[in-house]
$ cat final_0.txt   # compact mmCIF, C-alpha atoms
# COMPACT_ATOMS: atom_id res chain seq x y z
CA MET T 1 -30.82 36.49 -11.15
CA ASN T 2 -29.05 33.79 -13.16
CA LEU T 3 -28.03 31.14 -10.60
CA VAL T 4 -25.39 29.50 -12.80
CA LEU T 5 -23.66 32.80 -13.55
CA SER T 6 -23.92 33.74 -9.87
CA LEU T 7 -22.20 30.48 -8.95
CA GLY T 8 -19.50 31.38 -11.47
CA THR T 9 -19.04 34.73 -9.74
CA ILE T 10 -18.36 32.91 -6.45
CA ILE T 11 -15.99 30.31 -7.95
CA PHE T 12 -13.98 32.80 -10.02
CA GLY T 13 -14.08 35.27 -7.13
CA ILE T 14 -12.26 32.72 -4.96
CA LEU T 15 -9.81 32.11 -7.79
CA PHE T 16 -9.12 35.84 -8.00
CA LEU T 17 -8.50 36.02 -4.24
CA PHE T 18 -5.96 33.19 -4.56
CA LEU T 19 -4.17 35.01 -7.36
CA PHE T 20 -4.35 38.36 -5.59
CA SER T 21 -2.81 36.92 -2.43
CA PHE T 22 0.06 35.49 -4.49
CA ALA T 23 0.45 38.82 -6.29
CA THR T 24 0.72 40.62 -2.96
CA LEU T 25 3.40 38.22 -1.72
CA ILE T 26 5.31 38.51 -5.00
CA LEU T 27 5.19 42.32 -4.86
CA LEU T 28 6.55 42.28 -1.30
CA THR T 29 9.27 39.82 -2.32
CA VAL T 30 10.58 41.67 -5.38
CA THR T 31 10.59 45.03 -3.57
CA THR T 32 12.27 43.95 -0.31
CA LYS T 33 15.84 42.93 0.43
CA GLN T 34 16.57 39.24 0.21
CA LYS T 35 17.72 37.49 3.38
CA GLU T 36 21.45 37.18 3.89
CA TYR T 37 23.00 34.06 5.45
CA ASP T 38 26.14 33.43 7.45
CA ASP T 39 29.03 32.19 5.32
CA VAL T 40 29.46 28.59 6.46
CA SER T 41 31.61 25.94 4.79
CA HIS T 42 29.87 22.63 4.10
CA SER T 43 31.02 19.28 2.79
CA ILE T 44 28.63 18.19 0.06
CA SER T 45 27.48 14.86 -1.31
CA VAL T 46 25.58 14.93 -4.61
CA ILE T 47 23.36 11.86 -4.96
CA ILE T 48 21.68 10.92 -8.24
CA PRO T 49 19.34 7.93 -8.69
CA ALA T 50 19.24 6.63 -12.25
CA TYR T 51 17.12 4.08 -14.07
CA ASN T 52 17.44 3.70 -17.85
CA GLU T 53 18.73 7.26 -18.21
CA ALA T 54 21.22 6.69 -21.03
CA ASN T 55 19.81 9.70 -22.90
CA ASN T 56 20.19 12.07 -19.95
CA ILE T 57 22.82 10.93 -17.45
CA GLU T 58 25.85 12.33 -19.33
CA ARG T 59 24.34 15.83 -19.32
CA CYS T 60 23.49 15.56 -15.61
CA ILE T 61 26.94 14.35 -14.54
CA THR T 62 28.76 16.97 -16.62
CA SER T 63 26.72 19.79 -15.12
CA PHE T 64 27.61 18.67 -11.58
CA GLN T 65 31.28 18.15 -12.39
CA ASP T 66 31.51 21.68 -13.79
CA GLN T 67 30.76 23.48 -10.52
CA THR T 68 32.43 26.57 -9.05
CA HIS T 69 32.22 24.99 -5.58
CA ASP T 70 35.03 22.78 -4.26
CA ASP T 71 34.99 19.77 -1.93
CA TYR T 72 32.07 17.61 -2.99
CA GLU T 73 31.51 14.03 -4.01
CA ILE T 74 29.11 12.62 -6.61
CA ILE T 75 27.34 9.34 -5.90
CA ILE T 76 25.13 7.76 -8.55
CA VAL T 77 22.91 4.76 -7.85
CA ASP T 78 22.04 2.67 -10.87
CA ASP T 79 18.60 1.27 -10.08
CA GLY T 80 18.89 -1.89 -12.18
CA SER T 81 19.05 -0.16 -15.57
CA THR T 82 18.65 -2.37 -18.64
CA ASP T 83 20.18 0.12 -21.10
CA ASN T 84 23.78 1.44 -21.13
CA THR T 85 23.30 3.93 -18.28
CA ARG T 86 25.87 2.11 -16.16
CA SER T 87 28.59 2.14 -18.82
CA ILE T 88 28.13 5.90 -19.34
CA ILE T 89 28.49 6.49 -15.60
CA ASN T 90 31.66 4.39 -15.53
CA ASP T 91 33.26 6.81 -17.99
CA HIS T 92 33.20 9.54 -15.32
CA ASP T 93 35.06 10.07 -12.05
CA VAL T 94 32.10 9.43 -9.76
CA THR T 95 31.10 6.81 -7.22
CA LEU T 96 28.76 4.23 -8.73
CA LEU T 97 26.49 2.10 -6.56
CA THR T 98 24.21 -0.55 -8.01
CA GLN T 99 21.03 -2.23 -6.90
CA ASP T 100 18.16 -4.24 -8.30
CA HIS T 101 15.28 -2.20 -9.67
CA ASN T 102 13.73 -1.10 -6.36
CA GLY T 103 12.67 2.43 -7.25
CA LYS T 104 13.86 6.01 -6.83
CA VAL T 105 13.38 6.35 -3.08
CA THR T 106 15.34 3.18 -2.34
CA ALA T 107 18.13 4.50 -4.57
CA LEU T 108 18.09 7.84 -2.76
CA ASN T 109 18.38 6.14 0.61
CA THR T 110 21.14 3.83 -0.64
CA ALA T 111 23.18 6.86 -1.68
CA TYR T 112 22.30 8.83 1.46
CA GLU T 113 23.57 6.01 3.67
CA GLN T 114 26.92 5.98 1.80
CA ALA T 115 27.31 9.76 1.52
CA GLU T 116 29.84 11.55 3.70
CA GLY T 117 28.76 15.17 3.26
CA ASP T 118 26.92 17.18 5.88
CA ILE T 119 24.76 18.53 3.05
CA ILE T 120 23.04 16.01 0.76
CA VAL T 121 22.20 17.39 -2.68
CA ALA T 122 19.70 15.19 -4.53
CA ALA T 123 19.07 15.48 -8.26
CA ASP T 124 17.09 13.55 -10.83
CA ALA T 125 19.16 11.99 -13.60
CA ASP T 126 17.21 13.92 -16.25
CA THR T 127 18.23 17.31 -14.82
CA ALA T 128 21.19 19.64 -15.35
CA VAL T 129 22.22 22.58 -13.18
CA LYS T 130 24.06 25.87 -13.64
CA ASN T 131 27.71 25.90 -12.62
CA ASP T 132 27.06 27.95 -9.46
CA PHE T 133 24.26 25.66 -8.34
CA LEU T 134 26.06 24.07 -5.39
CA GLU T 135 27.12 27.45 -4.03
CA SER T 136 23.57 28.78 -4.34
CA ILE T 137 21.66 25.76 -3.01
CA THR T 138 23.85 25.46 0.11
CA ARG T 139 23.90 29.16 1.02
CA PRO T 140 20.65 29.09 3.07
CA PHE T 141 22.13 26.40 5.33
CA GLY T 142 23.99 29.24 7.01
CA ASP T 143 20.72 29.45 8.96
CA LYS T 144 20.83 26.52 11.40
CA ALA T 145 17.02 26.23 11.34
CA VAL T 146 17.00 25.32 7.65
CA GLY T 147 16.65 21.60 6.97
CA ALA T 148 16.14 21.58 3.22
CA VAL T 149 16.36 23.88 0.20
CA SER T 150 14.87 23.37 -3.26
CA GLY T 151 16.03 25.09 -6.41
CA ALA T 152 14.28 26.89 -9.24
CA VAL T 153 13.69 24.40 -12.03
CA THR T 154 12.54 25.03 -15.59
CA PRO T 155 12.09 22.66 -18.55
CA PHE T 156 14.69 22.05 -21.20
CA SER T 157 13.72 23.93 -24.33
CA TYR T 158 12.12 22.17 -27.30
CA PRO T 159 10.40 23.78 -30.32
CA THR T 160 6.87 22.67 -29.41
CA ALA T 161 3.76 24.47 -28.20
CA LEU T 162 3.49 22.14 -25.19
CA ASN T 163 7.03 23.03 -24.13
CA ALA T 164 6.26 26.75 -24.43
CA PHE T 165 3.32 26.41 -22.06
CA GLN T 166 5.30 24.29 -19.60
CA THR T 167 8.13 26.83 -19.61
CA VAL T 168 6.01 29.80 -18.56
CA GLU T 169 4.15 27.57 -16.07
CA TYR T 170 7.40 26.54 -14.36
CA TYR T 171 8.62 30.14 -14.13
CA TYR T 172 5.22 31.09 -12.71
CA ASN T 173 5.40 28.34 -10.09
CA ASN T 174 8.96 29.30 -9.18
CA ILE T 175 8.12 32.89 -8.34
CA ILE T 176 5.10 31.85 -6.25
CA ARG T 177 7.25 29.35 -4.34
CA HIS T 178 9.93 31.98 -3.81
CA ALA T 179 7.42 34.57 -2.59
CA VAL T 180 5.89 32.18 -0.04
CA SER T 181 9.34 30.94 1.05
CA HIS T 182 10.65 34.50 1.41
CA THR T 183 7.65 35.55 3.50
CA PHE T 184 6.91 32.46 5.61
CA SER T 185 10.20 30.48 5.55
CA THR T 186 8.55 27.46 3.95
CA ASP T 187 8.51 26.04 0.42
CA ILE T 188 4.89 25.03 -0.12
CA TRP T 189 5.57 22.98 -3.29
CA PHE T 190 8.95 21.43 -2.62
CA PHE T 191 10.50 20.21 -5.91
CA GLY T 192 12.94 17.42 -5.15
CA CYS T 193 14.42 17.11 -8.66
CA ILE T 194 17.12 19.62 -7.62
CA ALA T 195 17.20 19.99 -3.83
CA ALA T 196 19.55 19.90 -0.85
CA TYR T 197 19.09 18.51 2.64
CA ARG T 198 20.96 18.96 5.89
CA ARG T 199 22.18 15.53 6.97
CA ASP T 200 21.04 16.12 10.55
CA ALA T 201 17.54 16.87 9.24
CA LEU T 202 17.42 13.69 7.15
CA ASP T 203 18.70 11.74 10.15
CA ASP T 204 15.77 13.10 12.17
CA ILE T 205 13.27 11.54 9.74
CA ASN T 206 15.30 8.38 9.02
CA GLY T 207 16.00 9.29 5.40
CA PHE T 208 13.63 9.73 2.50
CA PRO T 209 10.05 8.44 3.11
CA LYS T 210 9.25 5.27 1.19
CA ASP T 211 5.45 5.25 1.09
CA SER T 212 4.46 8.12 -1.20
CA LEU T 213 4.12 8.83 -4.91
CA THR T 214 5.70 12.26 -4.27
CA GLU T 215 8.62 11.61 -1.93
CA ASP T 216 9.89 15.20 -2.24
CA MET T 217 6.73 16.74 -0.79
CA ASP T 218 6.52 13.94 1.77
CA THR T 219 10.10 14.66 2.87
CA ASN T 220 9.25 18.35 3.09
CA LEU T 221 6.31 17.69 5.40
CA GLU T 222 8.25 15.24 7.57
CA LEU T 223 10.97 17.85 8.02
CA ARG T 224 8.39 20.48 8.91
CA ARG T 225 6.85 18.04 11.39
CA HIS T 226 10.26 17.80 13.08
CA GLY T 227 10.66 21.57 13.30
CA TRP T 228 12.92 22.25 10.32
CA ASN T 229 12.41 25.14 7.91
CA THR T 230 12.36 24.30 4.20
CA LEU T 231 13.11 27.02 1.69
CA HIS T 232 13.12 27.82 -2.01
CA GLU T 233 16.33 29.39 -3.32
CA PRO T 234 15.71 31.28 -6.60
CA SER T 235 19.40 31.57 -7.51
CA ALA T 236 19.91 27.77 -7.42
CA GLN T 237 18.77 27.07 -10.96
CA GLY T 238 18.57 24.03 -13.16
CA GLN T 239 16.56 22.41 -15.91
CA THR T 240 14.61 19.19 -16.09
CA GLU T 241 13.32 16.96 -18.86
CA PRO T 242 9.60 17.74 -19.28
CA PRO T 243 6.90 15.47 -20.67
CA ARG T 244 6.96 15.86 -24.45
CA THR T 245 3.46 14.52 -25.18
CA MET T 246 -0.03 15.16 -23.88
CA THR T 247 -0.13 11.59 -22.59
CA GLY T 248 3.10 12.11 -20.69
CA LEU T 249 1.88 15.40 -19.22
CA ALA T 250 -1.39 13.78 -18.15
CA LYS T 251 0.47 10.94 -16.40
CA GLN T 252 2.79 13.39 -14.66
CA ARG T 253 -0.04 15.55 -13.33
CA GLN T 254 -2.10 12.55 -12.24
CA ARG T 255 0.93 11.26 -10.32
CA TRP T 256 1.38 14.65 -8.68
CA TRP T 257 -2.26 14.79 -7.67
CA GLY T 258 -2.32 11.16 -6.58
CA GLY T 259 0.73 11.85 -4.43
CA GLY T 260 -0.99 14.92 -3.06
CA TYR T 261 -3.96 12.85 -1.89
CA GLN T 262 -1.57 10.42 -0.23
CA LEU T 263 -0.08 13.30 1.72
CA LEU T 264 -3.53 14.56 2.75
CA SER T 265 -4.20 11.14 4.24
CA LYS T 266 -0.78 10.42 5.68
CA HIS T 267 -0.29 13.80 7.37
CA ARG T 268 -3.89 14.68 8.22
CA ASP T 269 -2.94 15.15 11.89
CA LEU T 270 -1.00 18.26 10.83
CA LEU T 271 -4.13 20.07 9.64
CA HIS T 272 -4.35 23.47 11.39
CA ASN T 273 -1.15 22.66 13.32
CA GLU T 274 1.41 23.02 10.50
CA PRO T 275 0.87 25.97 8.12
CA THR T 276 2.55 24.28 5.14
CA PHE T 277 0.28 21.25 5.31
CA THR T 278 -2.80 23.36 6.04
CA PHE T 279 -2.16 25.37 2.89
CA ILE T 280 -1.54 22.21 0.83
CA PHE T 281 -4.73 20.64 2.20
CA TYR T 282 -7.03 23.51 1.31
CA HIS T 283 -5.20 24.31 -1.93
CA HIS T 284 -5.47 20.69 -3.11
CA TRP T 285 -9.16 20.39 -2.38
CA TRP T 286 -9.89 23.84 -3.78
CA TRP T 287 -8.32 22.99 -7.12
CA ALA T 288 -10.15 19.67 -7.16
CA ALA T 289 -13.43 21.52 -6.63
CA TYR T 290 -12.43 24.14 -9.20
CA ALA T 291 -11.58 21.45 -11.79
CA VAL T 292 -15.00 19.85 -11.29
CA THR T 293 -17.00 23.09 -11.46
CA SER T 294 -15.02 25.38 -13.75
CA VAL T 295 -15.33 23.39 -16.99
CA PRO T 296 -19.16 23.31 -17.03
CA LEU T 297 -19.30 26.91 -15.76
CA LEU T 298 -17.00 28.10 -18.52
CA ALA T 299 -18.99 26.16 -21.10
CA TYR T 300 -22.19 27.79 -19.85
CA GLN T 301 -20.65 31.27 -19.86
CA TYR T 302 -19.31 30.73 -23.37
CA SER T 303 -22.75 29.73 -24.67
CA TYR T 304 -24.57 32.44 -22.64
CA TRP T 305 -22.82 35.32 -24.42
CA LEU T 306 -22.38 33.49 -27.75
CA PRO T 307 -23.34 35.81 -30.67
CA THR T 308 -25.00 34.78 -33.91
CA GLY T 309 -23.31 34.58 -37.27
CA ILE T 310 -20.18 32.68 -38.31
CA ALA T 311 -17.86 35.69 -38.31
CA ASN T 312 -19.11 36.99 -34.97
CA THR T 313 -18.85 33.53 -33.43
CA ALA T 314 -15.29 33.04 -34.69
CA TRP T 315 -14.18 36.46 -33.39
CA TYR T 316 -15.95 35.86 -30.05
CA THR T 317 -14.32 32.42 -29.69
CA PHE T 318 -10.88 33.83 -30.43
CA ARG T 319 -11.33 36.53 -27.79
CA TRP T 320 -12.77 34.07 -25.28
CA PHE T 321 -9.79 31.71 -25.33
CA THR T 322 -6.99 34.29 -25.52
CA LEU T 323 -5.65 37.14 -23.42
CA LEU T 324 -7.24 39.53 -25.91
CA GLY T 325 -10.68 38.82 -24.42
CA PRO T 326 -10.02 40.13 -20.88
CA ILE T 327 -8.20 43.16 -22.29
CA ILE T 328 -11.12 44.08 -24.57
CA VAL T 329 -13.64 43.54 -21.76
CA PHE T 330 -11.77 46.00 -19.52
CA TYR T 331 -11.31 48.41 -22.42
CA ASN T 332 -15.10 48.39 -22.93
CA ALA T 333 -15.81 48.14 -19.20
CA ALA T 334 -18.85 50.40 -19.27
CA SER T 335 -20.77 48.11 -21.59
CA TRP T 336 -19.10 44.67 -21.24
CA LEU T 337 -17.93 44.33 -17.64
CA SER T 338 -20.41 42.95 -15.13
CA ALA T 339 -20.58 41.12 -11.80
CA TYR T 340 -20.84 37.89 -13.79
CA ASN T 341 -17.50 38.24 -15.58
CA VAL T 342 -15.39 40.67 -13.55
CA PHE T 343 -13.51 38.03 -11.55
CA GLY T 344 -12.92 35.76 -14.52
CA VAL T 345 -11.42 38.46 -16.74
CA SER T 346 -9.51 39.95 -13.78
CA SER T 347 -8.00 36.54 -13.06
CA GLY T 348 -6.87 36.22 -16.68
CA ILE T 349 -5.14 39.60 -16.67
CA LEU T 350 -3.59 39.07 -13.23
CA THR T 351 -2.22 35.66 -14.27
CA ALA T 352 -0.59 37.24 -17.33
CA ILE T 353 0.97 39.95 -15.16
CA LEU T 354 2.33 37.39 -12.69
CA ILE T 355 3.83 35.24 -15.46
CA ALA T 356 5.46 38.29 -17.05
CA THR T 357 6.83 39.26 -13.63
CA ALA T 358 8.27 35.77 -13.19
CA LEU T 359 10.03 35.90 -16.57
CA TRP T 360 11.48 39.29 -15.62
CA TYR T 361 12.53 38.25 -12.13
CA TYR T 362 14.39 35.16 -13.30
CA GLU T 363 15.98 37.20 -16.10
CA LYS T 364 14.61 35.10 -18.91
CA SER T 365 14.83 36.90 -22.21
CA PRO T 366 11.24 36.79 -23.56
CA ASP T 367 10.84 35.27 -27.00
CA LEU T 368 8.02 34.55 -29.40
CA SER T 369 7.16 31.21 -27.74
CA ASP T 370 6.78 32.97 -24.36
CA ALA T 371 4.49 35.56 -25.91
CA MET T 372 2.41 32.84 -27.59
CA ALA T 373 2.13 30.84 -24.36
CA LEU T 374 1.15 33.93 -22.40
CA PHE T 375 -1.46 34.91 -24.99
CA LEU T 376 -2.98 31.40 -25.04
CA TYR T 377 -2.40 30.41 -21.42
CA PHE T 378 -6.11 30.17 -20.60
CA PRO T 379 -6.73 27.06 -22.80
CA TYR T 380 -3.65 25.46 -21.20
CA THR T 381 -5.17 25.93 -17.72
CA ILE T 382 -8.36 24.25 -18.95
CA LEU T 383 -6.24 21.33 -20.14
CA LEU T 384 -4.51 21.07 -16.74
CA ASN T 385 -7.89 21.10 -15.00
CA ALA T 386 -9.02 18.28 -17.29
CA PHE T 387 -5.99 16.27 -16.15
CA ILE T 388 -6.96 16.94 -12.54
CA LEU T 389 -10.43 15.60 -13.33
CA LEU T 390 -8.85 12.48 -14.83
CA GLY T 391 -6.76 12.12 -11.70
CA LEU T 392 -9.85 12.38 -9.50
CA TYR T 393 -11.64 9.81 -11.64
CA LYS T 394 -8.67 7.45 -11.47
CA ALA T 395 -8.45 7.93 -7.71
CA ARG T 396 -12.07 6.87 -7.43
CA LEU T 397 -11.53 3.80 -9.62
CA GLU T 398 -8.17 2.80 -8.11
CA PRO T 399 -8.06 4.21 -4.56
CA GLU T 400 -5.40 1.71 -3.52
CA GLN T 401 -2.97 3.50 -5.87
CA THR T 402 -3.91 6.97 -4.66
CA TYR T 403 -4.55 6.87 -0.95
CA ILE T 404 -2.72 5.49 2.06
CA GLU T 405 -5.06 3.97 4.61
$ encode --input "final_0.txt" --output "structure tokens"
Amino acid sequence: MNLVLSLGTIIFGILFLFLFSFATLILLTVTTKQKEYDDVSHSISVIIPAYNEANNIERCITSFQDQTHDDYEIIIVDDGSTDNTRSIINDHDVTLLTQDHNGKVTALNTAYEQAEGDIIVAADADTAVKNDFLESITRPFGDKAVGAVSGAVTPFSYPTALNAFQTVEYYYNNIIRHAVSHTFSTDIWFFGCIAAYRRDALDDINGFPKDSLTEDMDTNLELRRHGWNTLHEPSAQGQTEPPRTMTGLAKQRQRWWGGGYQLLSKHRDLLHNEPTFTFIFYHHWWWAAYAVTSVPLLAYQYSYWLPTGIANTAWYTFRWFTLLGPIIVFYNAASWLSAYNVFGVSSGILTAILIATALWYYEKSPDLSDAMALFLYFPYTILLNAFILLGLYKARLEPEQTYIE
């Protein structure tokens, strides 16, 4: 028995179980009737914090002014911008509040305190939403148990390989969030860049939490702590400005993971008492363990089956890092499939199926960039795991920036 390959069977077996559980939830979601809500009229306040967003704020404001919903106000807080963000805002019929540069959460709370709506819609300044967004994001509040709703967000489109991978990743995350929300009435990864909150719910937690790198997830958990349901609404759609460089993507993911560790510390009393946090806790630590173990395991597996000869090695490498590899392994199952690789190749195929399902469900017309990203998605996951490793390393070097004591 090869102990390293046996360890790989266990690690990738757990990964497959994760993916299979999501696949089951997604299948149930797309084949069952979506929940209907009572038709309730709400007054709405849209709040947008902005800091040096001259390149994005016009697009954001225009998208919110062009809504099919009536009776809403738009409040923008300029967080001490040093560019011409403020002058662009002044060209529009919105309420402008100003403050010194105190950060996003302070800006959110400044706007929340001034807002008059019974539903608070919060959006990042680098986002834009579809013209039926307000109607869609507020519909679930017909259920009086719902305290917050997050929308389905995807990246703005740019002609780069990195953008192609991020696009399919966001669609993939959206359908998982929707499936969990549909089944368990909770949004496990609450994205606050386009989200709505019941004022009474925010009042219960005294506004947006100020002591976290990821205030959207922190708000989600605080609302759950106070008994509110938080949902994902797939029809409330918008786009956000994604990182355009590897460095930017690495910083984003390290911030997400650093914020995740803060939440594990801050809300640790919820473990096994609140399903949302319990899932986040085990999911976060699982992916940390997977990031640490998967890279050396994959390197070992790659070298273990590595053939001789330049041509054979090139063809083997191409198969290994693309979707073609798992397909060929299953096609030649009698001679190539074994206990050592069955879960790894199954995970690759299942991930591709789930991403394709997400693109279909959200009615995205597939294009060549989607096909390329799907075909090469495995190397992208290795890259994301490397960023998790960097985040873990940074957390160890600078714990004061990652954990809350």
$ closest_residue --input "final_0.txt" --among "T:Gln99, T:Ser365, T:Thr247, T:Gln237" --to "Ala128 of chain T" --atoms "all atoms listed in the file"
T:Gln237
$ closest_residue --input "final_0.txt" --among "T:Asp93, T:Asp200, T:Asp126, T:Glu363" --to "Lys144 of chain T" --atoms "all atoms listed in the file"
T:Asp200
$ residues_around --input "final_0.txt" --residues "segment 282-287 of chain T" --least-positions-apart "3" --cutoff "12 Å" --atoms "all atoms listed in the file" --output "ChimeraX atom specification"
/T:11-12,14-15,18,188-189,256-264,268,271-272,275-279,290-294,381-382,384-389,391-392
$ residues_around --input "final_0.txt" --residues "segment 213-222 of chain T" --least-positions-apart "6" --cutoff "10 Å" --atoms "only C-alpha atoms" --output "PyMOL selection string"
chain T and resi 104-105+147-150+186-193+195+197+201-202+204-207+228-231+255-263+266-267+270+274+276-277+401-403
$ axis_aligned_box --input "final_0.txt" --around "segment 220-232 of chain T" --padding-each-side "4 Å" --output "lines of an AutoDock Vina configuration file"
center_x = 9.7
center_y = 21.5
center_z = 5.6
size_x = 14.8
size_y = 20.6
size_z = 23.3
$ closest_residue --input "final_0.txt" --among "T:Lys210, T:His178, T:Arg224, T:Arg244" --to "Leu25 of chain T" --atoms "only C-alpha atoms"
T:His178
$ atom_distance --input "final_0.txt" --atom1 "atom CA of Leu337 of chain T" --atom2 "atom CA of Ile349 of chain T"
13.7 Å
$ residues_around --input "final_0.txt" --residues "segment 374-380 of chain T" --least-positions-apart "4" --cutoff "9 Å" --atoms "all atoms listed in the file" --output "number ranges by chain"
T: 162, 165, 168-169, 321-324, 348, 351-352, 355-356, 369-370, 384-385
$ closest_atom_pairs --input "final_0.txt" --of "segment 169-193 of chain T" --to "segment 19-24 of chain T" --cutoff "12 Å" --atoms "all atoms listed in the file" --output "JSON lines"
{"residue": "T:Tyr172", "atom": "CA", "partner": "T:Phe22", "partner_atom": "CA", "distance": 10.7}
{"residue": "T:Asn173", "atom": "CA", "partner": "T:Phe22", "partner_atom": "CA", "distance": 10.5}
{"residue": "T:Asn174", "atom": "CA", "partner": "T:Phe22", "partner_atom": "CA", "distance": 11.8}
{"residue": "T:Ile175", "atom": "CA", "partner": "T:Phe22", "partner_atom": "CA", "distance": 9.3}
{"residue": "T:Ile176", "atom": "CA", "partner": "T:Phe22", "partner_atom": "CA", "distance": 6.5}
{"residue": "T:Arg177", "atom": "CA", "partner": "T:Phe22", "partner_atom": "CA", "distance": 9.5}
{"residue": "T:His178", "atom": "CA", "partner": "T:Phe22", "partner_atom": "CA", "distance": 10.5}
{"residue": "T:Ala179", "atom": "CA", "partner": "T:Phe22", "partner_atom": "CA", "distance": 7.7}
{"residue": "T:Val180", "atom": "CA", "partner": "T:Phe22", "partner_atom": "CA", "distance": 8.0}
{"residue": "T:Ser181", "atom": "CA", "partner": "T:Phe22", "partner_atom": "CA", "distance": 11.7}
{"residue": "T:Thr183", "atom": "CA", "partner": "T:Thr24", "partner_atom": "CA", "distance": 10.7}
$ residues_around --input "final_0.txt" --residues "segment 30-35 of chain T" --least-positions-apart "4" --cutoff "8 Å" --atoms "all atoms listed in the file" --output "PyMOL selection string"
chain T and resi 26+182+361
$ closest_residue --input "final_0.txt" --among "T:Arg225, T:Pro155, T:Trp360, T:Ala161" --to "Asn273 of chain T" --atoms "all atoms listed in the file"
T:Arg225
$ atom_distance --input "final_0.txt" --atom1 "atom CA of Glu58 of chain T" --atom2 "atom CA of Ile88 of chain T"
6.8 Å
$ closest_residue --input "final_0.txt" --among "T:Thr82, T:Ala145, T:His101, T:Ile137" --to "His69 of chain T" --atoms "only C-alpha atoms"
T:Ile137
$ closest_residue --input "final_0.txt" --among "T:Pro296, T:Thr85, T:Gly325, T:Ser265" --to "Phe281 of chain T" --atoms "only C-alpha atoms"
T:Ser265
$ atom_distance --input "final_0.txt" --atom1 "atom CA of Asp66 of chain T" --atom2 "atom CA of Asp132 of chain T"
8.8 Å
$ residues_around --input "final_0.txt" --residues "Thr95 of chain T" --least-positions-apart "6" --cutoff "10 Å" --atoms "only C-alpha atoms" --output "list in words"
Ile47, Glu73, Ile74, Ile75, Ile76, Val77, Ile89, Ala111, Gln114 and Ala115 of chain T
$ build_atoms --input "final_0.txt" --residues "segment 225-239 of chain T" --atoms "N, CA and C atoms" --output "PDB file, in the coordinates of the input"
ATOM      1  N   ARG T 225       7.384  18.690  10.193  1.00  0.00           N
ATOM      2  CA  ARG T 225       6.850  18.040  11.390  1.00  0.00           C
ATOM      3  C   ARG T 225       7.908  18.019  12.507  1.00  0.00           C
ATOM      4  N   HIS T 226       9.170  17.868  12.115  1.00  0.00           N
ATOM      5  CA  HIS T 226      10.260  17.800  13.080  1.00  0.00           C
ATOM      6  C   HIS T 226      10.888  19.166  13.365  1.00  0.00           C
ATOM      7  N   GLY T 227      10.235  20.231  12.916  1.00  0.00           N
ATOM      8  CA  GLY T 227      10.660  21.570  13.300  1.00  0.00           C
ATOM      9  C   GLY T 227      11.665  22.249  12.398  1.00  0.00           C
ATOM     10  N   TRP T 228      11.953  21.655  11.229  1.00  0.00           N
ATOM     11  CA  TRP T 228      12.920  22.250  10.320  1.00  0.00           C
ATOM     12  C   TRP T 228      12.227  23.181   9.331  1.00  0.00           C
ATOM     13  N   ASN T 229      12.899  24.279   8.985  1.00  0.00           N
ATOM     14  CA  ASN T 229      12.410  25.140   7.910  1.00  0.00           C
ATOM     15  C   ASN T 229      12.857  24.571   6.562  1.00  0.00           C
ATOM     16  N   THR T 230      12.022  24.725   5.557  1.00  0.00           N
ATOM     17  CA  THR T 230      12.360  24.300   4.200  1.00  0.00           C
ATOM     18  C   THR T 230      12.140  25.481   3.268  1.00  0.00           C
ATOM     19  N   LEU T 231      13.136  25.800   2.467  1.00  0.00           N
ATOM     20  CA  LEU T 231      13.110  27.020   1.690  1.00  0.00           C
ATOM     21  C   LEU T 231      13.232  26.771   0.189  1.00  0.00           C
ATOM     22  N   HIS T 232      12.859  27.778  -0.572  1.00  0.00           N
ATOM     23  CA  HIS T 232      13.120  27.820  -2.010  1.00  0.00           C
ATOM     24  C   HIS T 232      14.214  28.845  -2.249  1.00  0.00           C
ATOM     25  N   GLU T 233      15.236  28.464  -3.014  1.00  0.00           N
ATOM     26  CA  GLU T 233      16.330  29.390  -3.320  1.00  0.00           C
ATOM     27  C   GLU T 233      16.302  29.705  -4.820  1.00  0.00           C
ATOM     28  N   PRO T 234      15.904  30.945  -5.177  1.00  0.00           N
ATOM     29  CA  PRO T 234      15.710  31.280  -6.600  1.00  0.00           C
ATOM     30  C   PRO T 234      16.998  31.294  -7.416  1.00  0.00           C
ATOM     31  N   SER T 235      18.152  31.504  -6.758  1.00  0.00           N
ATOM     32  CA  SER T 235      19.400  31.570  -7.510  1.00  0.00           C
ATOM     33  C   SER T 235      19.984  30.191  -7.804  1.00  0.00           C
ATOM     34  N   ALA T 236      19.451  29.145  -7.167  1.00  0.00           N
ATOM     35  CA  ALA T 236      19.910  27.770  -7.420  1.00  0.00           C
ATOM     36  C   ALA T 236      19.075  27.208  -8.566  1.00  0.00           C
ATOM     37  N   GLN T 237      19.586  27.334  -9.777  1.00  0.00           N
ATOM     38  CA  GLN T 237      18.770  27.070 -10.960  1.00  0.00           C
ATOM     39  C   GLN T 237      19.243  25.863 -11.749  1.00  0.00           C
ATOM     40  N   GLY T 238      18.284  25.181 -12.319  1.00  0.00           N
ATOM     41  CA  GLY T 238      18.570  24.030 -13.160  1.00  0.00           C
ATOM     42  C   GLY T 238      17.423  23.777 -14.097  1.00  0.00           C
ATOM     43  N   GLN T 239      17.601  22.779 -14.951  1.00  0.00           N
ATOM     44  CA  GLN T 239      16.560  22.410 -15.910  1.00  0.00           C
ATOM     45  C   GLN T 239      16.256  20.927 -15.798  1.00  0.00           C
TER      46      GLN T 239
END
